[in-house]
Amino acid sequence: MGSMGVEHALLPERGLVAAGEAIIGADSHTCTYGALGAFSTGIGSTDMAAAMATGETWFKVPEAIRVNLTGTLPHRVSGKDLILHLIGMIGVDGALYQSLEYSGPGVASLTMDDRLCIANMSIEAGAKNGIFPVDEVAKEYMAGRVNRPYTVYEADPDAQYVRTIDIDLSTLVPTVAFPHLPGNTRTIDQVGDIAIDQVVIGSCTNGRLSDLAVSAEIMAGHKVAPGVRVIVVPATQQIYLDAMDRGYLKTLIEAGCVVSTPTCGPCMGGHMGVMAAGERCVSTTNRNFVGRMGHVDSEIYLSSPEVAAASAIAGKLCDPREC
Amino acid sequence: MNAKGFVHKYGDNVDTDVIIPARYLNIADTKELTTHCMEDIDKNFISVVKQGDIMVAGHNFGCGSSREHAPLVIHTSGIDCVIAKSFARIFYRNAINIGLPIMECPAACDGIAPGDEVSVDFDTGVITNLTKNETYQSNPFPDFIKEIIQAGGLMASIKNRTGKVDTL
C-alpha cells in the first residue's frame, strides 16, 4: 500500500508500460500509455479475465485521425487545454472506434506530463486509443524506468487517415469543459462569472509533478478564497515525495489547500470532496457527467491545473494568465 | 434469436455514470445494484421496466467508464436489447461479453418512439416497429459475436469452446 498510486500515473512511472507494446487494461483511461508510443486501450473486466485466461483478445484495427501539431504552447496553457480544445472541436464521439494519432513538429515541445494527459483523455472523444511518436523526450522518460527492450514504431509515410486536424499550439488559450460533457468547452474569456465551492487538483489526468508545480507556482503567496475547498491529490507516492521535497506541498498547504494521499476518490464521487446539491467544482479530472462527483445537481468544470489553481484563489473560474 | 418488447427511449451520450452511478459500485449483489439502473437520468425507469423491454437511444450510448456493471444492470433490469445510433466502444464489447444483445441502427432510433412495441431479429438484423408497422435494417451480428451472446456471455463461450476455465 505504501508504494501505490493512481494506476495511469504509477505504471509509466515504474516503467511497467513501454513503447511498442499492446496493452489492455480494465479501465477506460488505459489509453494513457499511448503517450509512450504503445497501443493501449481500455476494456471491461470480463474481456480482461478472458485475455488473462486464454492469452488472446480480439480487436478491429481502428481507422486513424491525424492530429497535426505545430507551434508551442503559450505561457499558462498546457496539454489539458489542448485535449479539451480537441474534444470541444470534434465532440465526445468525434473519434469513436478510431485512433487519435498525435504528430507534427509541435509534439517535440510537449512534456511527457502533457502527453500523458492528452493520451489519457483521448477516450473522452470516443477514441480507441491516442498515440504519440517515440521521440527523444519519450526515450529519456523511459530510460532508467523501462528495464527491457522496447520497440519504436513509426507511422508509414503513406499511411491513410480518415481526416487530419491541424492545431497550432501557439493559438491555444485556457479552456474549460462546462457541465455535463467533456466536449462542452469554452475558452476562458467566455466562461462568465462562475462562483465555485470546490477545486480538485489531481487524478490520472493531472496529478503529476508538473501539475503540482504549476499549481504551487500560481498559488504561492496567495490564499484560497473563503468558503472554497481545495483538494490536492498527488497521483503516486513518488510524486507526493517529490512535491514535498521541492516545497510544492508546503506552498499549497500554506495557501489553504488540503493534500491527500494518492487516490482516485474525488474524480468519481467515491471518497473526499463528494459534492452536495447545487455545488460547483473546478476539477483537473477527466469527466463531468451528471452526478460523477456526487449529487446529481452538482456541477463539474474540467480544466487544467493552471485554471484550477487560479480559480481556487479567485473563488470563481479564473484566467491563469492573469495570475 | 429474437427480442420483442416495449421501448424506453433516451438521447445522445448516455454515459456509464448515469446508467449506474459510481457511488453504488461497491454493491456486489446484482439484484440490489440493478435497483439503481438509470437512476440519475430516469428515476422511474426501474419501477416501470418489464422483462423483455427494449432500450433505444441516440449516439455514443455507454460512453465513459469501462465498468461492466453498466450493461449488466441494463440486462438484469429486464432489457433484452439496446438499439442505438452508435455505441461507445468499451460498452459495445462489455454488452456482448455479458450477453446483452445490442444493435446499431440510426433509422430505427429516429423512427421508434417511447412506448412503441418493437421486435428484433438478431439473425437478419431486421428491427420491426409493430406499433407503427415500420421495419429498419441493421447489420446482423457476425458469427463469433452471435456465439458469445447465445452462450450467455464471453466466459460461458470460452468455457464451451475450451472447457478450461472452471476456476473462473
# chains A, B, ... in the order shown; residues from 1 in each chain; ligands from 1
>>> interface_residues(of="chain A", to="chain B", cutoff="6 Å", atoms="only C-alpha atoms", output="list in words")
Asp27, Ser28, Ile43 and Gly44 of chain A
>>> write_last_selection(atoms="C-alpha atoms", output="PDB file, in the first residue's frame")
ATOM      1  CA  ASP A  27     -10.124   0.866 -17.004  1.00  0.00           C
ATOM      2  CA  SER A  28     -11.173   3.255 -19.725  1.00  0.00           C
ATOM      3  CA  ILE A  43     -11.666  -2.984 -21.945  1.00  0.00           C
ATOM      4  CA  GLY A  44     -14.150  -4.439 -19.459  1.00  0.00           C
TER       5      GLY A  44
END
>>> closest_atom_pairs(of="range 36-155 of chain A", to="range 305-317 of chain A", cutoff="9 Å", atoms="only C-alpha atoms", output="JSON lines")
{"residue": "A:Arg76", "atom": "CA", "partner": "A:Glu306", "partner_atom": "CA", "distance": 6.2}
{"residue": "A:Val77", "atom": "CA", "partner": "A:Glu306", "partner_atom": "CA", "distance": 7.5}
{"residue": "A:Ser78", "atom": "CA", "partner": "A:Glu306", "partner_atom": "CA", "distance": 8.1}
{"residue": "A:Lys80", "atom": "CA", "partner": "A:Pro305", "partner_atom": "CA", "distance": 8.3}
>>> select_by_dssp(residues="range 44-193 of chain A", states="strand (DSSP E or B)", output="number ranges by chain")
A: 64-70, 99-103, 129-131, 163-168, 175-177, 185-187
>>> atom_distance(atom1="CA of Gly183 in chain A", atom2="CA of Pro234 in chain A")
25.7 Å
>>> select_by_dssp(residues="range 73-115 of chain B", states="helix (DSSP H, G or I)", output="mmCIF file with N, CA, C and O atoms, in the first residue's frame")
data_model
loop_
_atom_site.group_PDB
_atom_site.id
_atom_site.type_symbol
_atom_site.label_atom_id
_atom_site.label_comp_id
_atom_site.auth_asym_id
_atom_site.auth_seq_id
_atom_site.Cartn_x
_atom_site.Cartn_y
_atom_site.Cartn_z
ATOM 1 N N VAL B 73 -26.463 -4.189 -15.466
ATOM 2 C CA VAL B 73 -27.719 -3.787 -14.806
ATOM 3 C C VAL B 73 -28.823 -3.505 -15.824
ATOM 4 O O VAL B 73 -29.994 -3.697 -15.525
ATOM 5 N N ILE B 74 -28.441 -3.055 -17.016
ATOM 6 C CA ILE B 74 -29.464 -2.867 -18.056
ATOM 7 C C ILE B 74 -30.079 -4.235 -18.386
ATOM 8 O O ILE B 74 -31.308 -4.382 -18.469
ATOM 9 N N HIS B 75 -29.225 -5.235 -18.523
ATOM 10 C CA HIS B 75 -29.689 -6.592 -18.848
ATOM 11 C C HIS B 75 -30.542 -7.162 -17.712
ATOM 12 O O HIS B 75 -31.645 -7.676 -17.954
ATOM 13 N N THR B 76 -30.044 -7.059 -16.489
ATOM 14 C CA THR B 76 -30.774 -7.653 -15.359
ATOM 15 C C THR B 76 -32.034 -6.866 -15.001
ATOM 16 O O THR B 76 -32.922 -7.389 -14.327
ATOM 17 N N ARG B 89 -17.150 2.348 -27.559
ATOM 18 C CA ARG B 89 -16.621 1.026 -27.906
ATOM 19 C C ARG B 89 -16.450 0.076 -26.712
ATOM 20 O O ARG B 89 -16.660 -1.124 -26.846
ATOM 21 N N ILE B 90 -16.092 0.580 -25.548
ATOM 22 C CA ILE B 90 -15.919 -0.351 -24.421
ATOM 23 C C ILE B 90 -17.282 -0.909 -24.006
ATOM 24 O O ILE B 90 -17.422 -2.101 -23.738
ATOM 25 N N PHE B 91 -18.310 -0.036 -24.004
ATOM 26 C CA PHE B 91 -19.654 -0.510 -23.685
ATOM 27 C C PHE B 91 -20.085 -1.579 -24.685
ATOM 28 O O PHE B 91 -20.682 -2.590 -24.313
ATOM 29 N N TYR B 92 -19.777 -1.348 -25.957
ATOM 30 C CA TYR B 92 -20.160 -2.299 -27.010
ATOM 31 C C TYR B 92 -19.607 -3.691 -26.707
ATOM 32 O O TYR B 92 -20.323 -4.691 -26.712
ATOM 33 N N ARG B 93 -18.313 -3.735 -26.384
ATOM 34 C CA ARG B 93 -17.675 -5.022 -26.066
ATOM 35 C C ARG B 93 -18.259 -5.614 -24.785
ATOM 36 O O ARG B 93 -18.523 -6.820 -24.712
ATOM 37 N N ASN B 94 -18.404 -4.758 -23.772
ATOM 38 C CA ASN B 94 -18.902 -5.242 -22.481
ATOM 39 C C ASN B 94 -20.293 -5.859 -22.604
ATOM 40 O O ASN B 94 -20.601 -6.866 -21.968
ATOM 41 N N ALA B 95 -21.146 -5.215 -23.411
ATOM 42 C CA ALA B 95 -22.510 -5.709 -23.579
ATOM 43 C C ALA B 95 -22.484 -7.121 -24.172
ATOM 44 O O ALA B 95 -23.133 -8.047 -23.663
ATOM 45 N N ILE B 96 -21.712 -7.276 -25.225
ATOM 46 C CA ILE B 96 -21.600 -8.604 -25.851
ATOM 47 C C ILE B 96 -21.025 -9.609 -24.856
ATOM 48 O O ILE B 96 -21.512 -10.728 -24.723
ATOM 49 N N ASN B 97 -20.003 -9.173 -24.130
ATOM 50 C CA ASN B 97 -19.311 -10.090 -23.208
ATOM 51 C C ASN B 97 -20.194 -10.585 -22.068
ATOM 52 O O ASN B 97 -19.955 -11.653 -21.516
ATOM 53 N N ILE B 98 -21.187 -9.778 -21.678
ATOM 54 C CA ILE B 98 -22.078 -10.244 -20.610
ATOM 55 C C ILE B 98 -23.399 -10.775 -21.184
ATOM 56 O O ILE B 98 -24.311 -11.128 -20.448
ATOM 57 N N PRO B 106 -29.321 3.813 -36.849
ATOM 58 C CA PRO B 106 -29.823 5.191 -36.744
ATOM 59 C C PRO B 106 -31.273 5.338 -37.197
ATOM 60 O O PRO B 106 -32.046 6.072 -36.565
ATOM 61 N N ALA B 107 -31.657 4.634 -38.275
ATOM 62 C CA ALA B 107 -33.031 4.788 -38.798
ATOM 63 C C ALA B 107 -34.057 4.319 -37.769
ATOM 64 O O ALA B 107 -35.096 4.964 -37.567
ATOM 65 N N ALA B 108 -33.741 3.215 -37.085
ATOM 66 C CA ALA B 108 -34.662 2.705 -36.061
ATOM 67 C C ALA B 108 -34.790 3.715 -34.928
ATOM 68 O O ALA B 108 -35.887 3.965 -34.409
ATOM 69 N N CYS B 109 -33.663 4.295 -34.549
ATOM 70 C CA CYS B 109 -33.672 5.232 -33.414
ATOM 71 C C CYS B 109 -34.463 6.487 -33.752
ATOM 72 O O CYS B 109 -35.097 7.084 -32.885
ATOM 73 N N ASP B 110 -34.436 6.904 -35.020
ATOM 74 C CA ASP B 110 -35.242 8.054 -35.434
ATOM 75 C C ASP B 110 -36.720 7.692 -35.510
ATOM 76 O O ASP B 110 -37.588 8.500 -35.185
ATOM 77 N N GLY B 111 -37.012 6.459 -35.947
ATOM 78 C CA GLY B 111 -38.398 6.070 -36.194
ATOM 79 C C GLY B 111 -39.164 5.627 -34.961
ATOM 80 O O GLY B 111 -40.387 5.784 -34.886
#
>>> residues_around(residues="range 65-69 of chain A", least_positions_apart="3", cutoff="12 Å", atoms="only C-alpha atoms", output="number ranges by chain")
A: 62, 72-73, 79, 82-83, 86-87, 89-90, 94-110, 118-119, 122, 125-133, 155, 159-172
>>> closest_residue(among="B:Thr135, B:Pro142, B:Gly52, B:Lys31", to="Phe122 in chain B", atoms="only C-alpha atoms")
B:Pro142
>>> atom_distance(atom1="CA of Met142 in chain A", atom2="CA of Gly15 in chain A")
6.6 Å
>>> closest_residue(among="B:Ala28, B:Val118, B:Ala151, B:Ala156", to="Asn2 in chain B", atoms="only C-alpha atoms")
B:Val118
>>> closest_residue(among="B:Asp121, B:Glu147, B:Asp42, B:Glu32", to="Ala3 in chain B", atoms="only C-alpha atoms")
B:Asp121
>>> decode(residues="range 92-115 of chain A", atoms="N, CA and C atoms", output="CSV table (one decimal), in the first residue's frame")
chain,number,residue,atom,x,y,z
A,92,VAL,N,-17.7,14.5,-28.2
A,92,VAL,CA,-17.3,13.3,-27.4
A,92,VAL,C,-17.4,12.0,-28.1
A,93,ASP,N,-17.9,12.0,-29.3
A,93,ASP,CA,-17.8,10.8,-30.1
A,93,ASP,C,-17.1,11.0,-31.5
A,94,GLY,N,-16.4,12.1,-31.5
A,94,GLY,CA,-15.7,12.6,-32.7
A,94,GLY,C,-14.6,11.6,-33.2
A,95,ALA,N,-14.1,10.7,-32.3
A,95,ALA,CA,-13.1,9.7,-32.7
A,95,ALA,C,-13.6,8.3,-32.4
A,96,LEU,N,-14.9,8.1,-32.3
A,96,LEU,CA,-15.5,6.9,-31.9
A,96,LEU,C,-14.9,5.7,-32.8
A,97,TYR,N,-14.5,4.7,-32.1
A,97,TYR,CA,-13.9,3.5,-32.7
A,97,TYR,C,-12.5,3.8,-33.4
A,98,GLN,N,-12.0,5.0,-33.3
A,98,GLN,CA,-10.9,5.4,-34.1
A,98,GLN,C,-9.7,5.7,-33.2
A,99,SER,N,-8.5,5.8,-33.9
A,99,SER,CA,-7.3,6.1,-33.2
A,99,SER,C,-6.9,7.6,-33.4
A,100,LEU,N,-6.6,8.2,-32.3
A,100,LEU,CA,-6.1,9.6,-32.4
A,100,LEU,C,-4.6,9.6,-32.4
A,101,GLU,N,-4.0,10.0,-33.6
A,101,GLU,CA,-2.5,9.9,-33.7
A,101,GLU,C,-2.0,11.3,-33.7
A,102,TYR,N,-1.3,11.6,-32.6
A,102,TYR,CA,-0.7,13.0,-32.5
A,102,TYR,C,0.6,13.0,-33.1
A,103,SER,N,0.8,14.0,-34.0
A,103,SER,CA,2.1,14.1,-34.7
A,103,SER,C,2.4,15.5,-35.1
A,104,GLY,N,3.5,15.7,-35.9
A,104,GLY,CA,3.8,17.0,-36.3
A,104,GLY,C,4.9,17.7,-35.5
A,105,PRO,N,5.5,18.8,-35.9
A,105,PRO,CA,6.6,19.4,-35.3
A,105,PRO,C,6.3,19.9,-33.9
A,106,GLY,N,5.0,20.1,-33.6
A,106,GLY,CA,4.6,20.6,-32.3
A,106,GLY,C,4.8,19.6,-31.1
A,107,VAL,N,4.9,18.3,-31.5
A,107,VAL,CA,5.0,17.3,-30.5
A,107,VAL,C,6.2,17.5,-29.6
A,108,ALA,N,7.3,17.8,-30.3
A,108,ALA,CA,8.6,17.9,-29.6
A,108,ALA,C,8.6,18.9,-28.4
A,109,SER,N,7.7,19.9,-28.4
A,109,SER,CA,7.7,20.9,-27.3
A,109,SER,C,6.8,20.4,-26.2
A,110,LEU,N,6.1,19.3,-26.3
A,110,LEU,CA,5.2,18.8,-25.3
A,110,LEU,C,6.0,18.0,-24.3
A,111,THR,N,5.8,18.2,-23.0
A,111,THR,CA,6.4,17.4,-22.0
A,111,THR,C,5.8,16.0,-21.9
A,112,MET,N,6.4,15.1,-21.2
A,112,MET,CA,5.8,13.8,-21.0
A,112,MET,C,4.5,13.9,-20.3
A,113,ASP,N,4.5,14.8,-19.2
A,113,ASP,CA,3.2,15.0,-18.5
A,113,ASP,C,2.1,15.5,-19.4
A,114,ASP,N,2.4,16.4,-20.3
A,114,ASP,CA,1.4,16.9,-21.2
A,114,ASP,C,0.9,15.8,-22.1
A,115,ARG,N,1.8,15.0,-22.6
A,115,ARG,CA,1.4,13.9,-23.5
A,115,ARG,C,0.6,12.8,-22.8
